[in-house]
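S.K.: So that we are looking at the same thing, I have put the structure below in structure tokens.
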Amino acid sequence: MAGVKITKRVVDSAGSRATRYTIFDSEVKGFGLRVYPSGLKSYVFEYRAGEGGRSAAKKRVTIGSTTEFTPDEARKRADKLRASVKVGEDPQGDKAKARAAVTVEELAKDFLKEHVKVKRAQNTASAYEDIIENHVIPRLGKLKAKDVSTSQIAKLHYDMRDTPSMANKTTAVISSMFSFGFKMGLMPKRENPANDVEKYEEEGVERYLSTAELERLGAAIHIAETEGIPWAIDPEKKTKHLRKENRVTIISQHAAAALRLLIFTGARLREILHLEWQHVDLERGLLFLPDSKTGKKTIVLNAPAMDVLANLPPIGRYVIAGESAGTEDEKPRADLKRPWQAVRRHAGLNDVRVHDLRHNFASFGAGGGMGLPIIGKLLGHTQAATTQRYAHLDADPVRRASEAIGTQILDAMGGRLRKSNVVPMKKGGG
């Protein structure tokens with residue numbers, strides 16, 4: 001079984017083949033690097049339990065992914081396992097029992113750490129984390145992963161029916177999480193319990209703001225960051241202990257700036273919340289995003305957006321300062337739920353979502369005849385089909401084409417338009 005000493009160079013150079021294979025280490029017997037056709041690599045330890053010998057069944061313990069352990073760290077773990085086998089222990093059997101008892105919460109944490117954060121873009125990883133923290137763990141977290149049934153996932157999906165898109169995304173995340181668990185041996189293999197949950201049909205809800213609504217929205221943001229928005233007291237809730245005066249919600253300057261940047265740039269929420277000052281170039285009017293939903297992306301700033309940034313005081317690493325701004329463990333702001341709810345309520349726009357601000361930005365461009373390719377570039381779409389959802393708003397080119405055709409036909413007929421520029425239709429048949 002002895003081969004070569006497993007080093008980082010050996011790990012990096014080990015390419016995938018049609019079938020999985022193992023490279024064994026020359027220093028610790030049974031320690032190896034297992035390479036799968038998918039390119040996934042993990043450290044393993046093989047041994048024969050009991051008294052050993054070739055008559056004993058060979059067993060294998062997966063130490064962990066190459067993204068989790070260095071070769072030296074994995075070798076030390078393998079050496080400890082080898083020592084335990086010599087004294088009659090069966091690490092694979094012990095580990096199998098532990099795996100059978102893994103909870104959904106434990107599975108979810110491993111999934112985020114070893115798969116999502118390693119292989120997904122930062123914004124996508126944050127979306128996965130939000131879904132798991134807000135929907136999966138509260139409902140399924142304490143259950144044994146091996147015992148989770150399709151009916152339990154279907155019930156969670158049904159309970160989220162008022163938000164069909166999020167319900168479908170949650171089911172997709174659960175499915176991916178279980179696939180990861182099976183592949184990494186975190187639980188016994190079986191049919192993925194999320195596979196048979198039927199998804200809801202999603203109708204594209206596109207909410208665009210009128211000029212009057214935008215005016216109300218702008219006024220509400222200004223009021224929210226200055227004098228404050230009056231509280232909305234729910235008459236059904238007990239509020240006798242609340243003070244009767246000064247019931248207002250004041251949002252921070254940075255929260256107000258985030259809302260304005262979403263309006264003026266059409267950027268995604270996390271593109272703004274995760275924006276760092278080092279990626280802002282006011283001199284050239286550009287934002288250089290190293291890791292958006294669609295990968296590396298550049299956002300072109302217009303004058304209103306540049307004005308927002310120019311008047312925003314830097315507090316820490318992130319443009320939109322959160323609670324930990326300026327500290328060693330600074331993290332980006334998680335969301336804008338509270339300020340947005342207060343602002344949209346005051347503006348009378350309770351049906352408008354934060355993401356609708358992105359659609360609204362696109363609608364102004366399409367309605368202004370700027371063309372879908374340009375709109376796609378501004379939004380950072382990598383596929384033209386994604387921008388096609390705004391095609392019905394791009395009426396200007398169609399109108400120009402209709403005018404050109406009508407004029408040519410009129411000229412060919414030798415006719416002239418009436419002074420009213422309207423051609424009356426004759427009554428009766430043609």
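Naming scheme: A, B, ... for chains in displayed order of the structure tokens; residues 1 onward per chain; ligands 1 onward as shown.
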With only C-alpha atoms as the counted atoms, please give the residues lying no more than 8 Å from region 7-14 of chain A, apart from itself and same-chain residues fewer than 2 positions off, as a list in words.
M.R.: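 Non-adjacent residues within range: Lys5, Ser16, Leu33, Val35, Thr66, Thr70, Pro71 and Asp72 of chain A.
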S.K.: Would you pick out the contacts of Thr67 (chain A) at 10 Å or less, using only C-alpha atoms, so that residues sharing its chain but fewer than 6 positions from it are not included, and give the list as a list in words?
M.R.: Leu40, Lys41, Ser42, Lys113, Glu114, His115 and Val118 of chain A
S.K.: Once you have the residues from the selection above, write them out as a CSV table (one decimal), in the first residue's frame, restricted to all heavy atoms.
M.R.:
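Done, and the output landed in result36.csv:
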```
chain,number,residue,atom,x,y,z
A,40,LEU,N,-13.5,16.2,-6.5
A,40,LEU,CA,-13.4,16.2,-5.0
A,40,LEU,C,-12.3,15.4,-4.5
A,40,LEU,O,-12.1,14.2,-4.9
A,40,LEU,CB,-14.8,15.8,-4.5
A,40,LEU,CG,-15.0,15.9,-3.0
A,40,LEU,CD1,-15.1,17.3,-2.5
A,40,LEU,CD2,-16.2,15.1,-2.5
A,41,LYS,N,-11.6,15.9,-3.5
A,41,LYS,CA,-10.5,15.1,-2.9
A,41,LYS,C,-10.6,15.1,-1.4
A,41,LYS,O,-11.0,16.1,-0.8
A,41,LYS,CB,-9.1,15.8,-3.3
A,41,LYS,CG,-8.9,15.9,-4.8
A,41,LYS,CD,-7.6,16.7,-5.0
A,41,LYS,CE,-7.4,17.0,-6.5
A,41,LYS,NZ,-6.2,17.8,-6.8
A,42,SER,N,-10.4,13.9,-0.8
A,42,SER,CA,-10.5,13.8,0.6
A,42,SER,C,-9.4,12.9,1.2
A,42,SER,O,-8.9,12.0,0.4
A,42,SER,CB,-11.8,13.3,1.0
A,42,SER,OG,-12.1,12.0,0.5
A,113,LYS,N,-19.8,25.3,5.7
A,113,LYS,CA,-18.4,25.5,5.9
A,113,LYS,C,-17.6,24.8,4.8
A,113,LYS,O,-16.7,25.4,4.2
A,113,LYS,CB,-18.0,25.0,7.2
A,113,LYS,CG,-16.5,25.0,7.5
A,113,LYS,CD,-16.1,24.4,8.8
A,113,LYS,CE,-14.6,24.4,9.1
A,113,LYS,NZ,-14.3,23.7,10.4
A,114,GLU,N,-17.9,23.6,4.4
A,114,GLU,CA,-17.1,22.8,3.6
A,114,GLU,C,-17.5,22.8,2.1
A,114,GLU,O,-16.7,22.4,1.2
A,114,GLU,CB,-17.1,21.3,4.0
A,114,GLU,CG,-16.5,21.2,5.4
A,114,GLU,CD,-16.4,19.7,5.9
A,114,GLU,OE1,-16.4,18.9,5.0
A,114,GLU,OE2,-16.4,19.5,7.1
A,115,HIS,N,-18.7,23.3,1.8
A,115,HIS,CA,-19.2,23.3,0.4
A,115,HIS,C,-19.6,24.6,-0.1
A,115,HIS,O,-19.0,25.1,-1.0
A,115,HIS,CB,-20.4,22.3,0.3
A,115,HIS,CG,-20.9,22.2,-1.1
A,115,HIS,ND1,-20.3,21.5,-2.1
A,115,HIS,CD2,-22.1,22.8,-1.6
A,115,HIS,CE1,-21.0,21.6,-3.2
A,115,HIS,NE2,-22.1,22.4,-3.0
A,118,VAL,N,-16.9,27.4,0.1
A,118,VAL,CA,-15.7,27.1,-0.7
A,118,VAL,C,-16.0,27.2,-2.1
A,118,VAL,O,-15.2,27.6,-2.9
A,118,VAL,CB,-15.2,25.7,-0.3
A,118,VAL,CG1,-14.1,25.2,-1.2
A,118,VAL,CG2,-14.8,25.6,1.1
```
S.K.: Need to verify the contact set: Gln253 (chain A), 10 Å, only C-alpha atoms, exclusion of same-chain residues closer than 3 positions in sequence. Can you return it as number ranges by chain?
M.R.: A: 221-222, 224-226, 250, 256-258, 311-313, 320-321
S.K.: Using only C-alpha atoms, determine which residues lie at most 12 Å from Asp351 (chain A), disregarding the query and same-chain residues fewer than 5 positions distant; provide the list as a count of residues only.
M.R.: 12
S.K.: Using only C-alpha atoms, find the one residue out of A:Glu201, A:Val354, A:Leu259, A:Gly185 that sits nearest to Gly218 (chain A).
M.R.: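 The answer is A:Leu259, which sits nearest to Gly218 (chain A).
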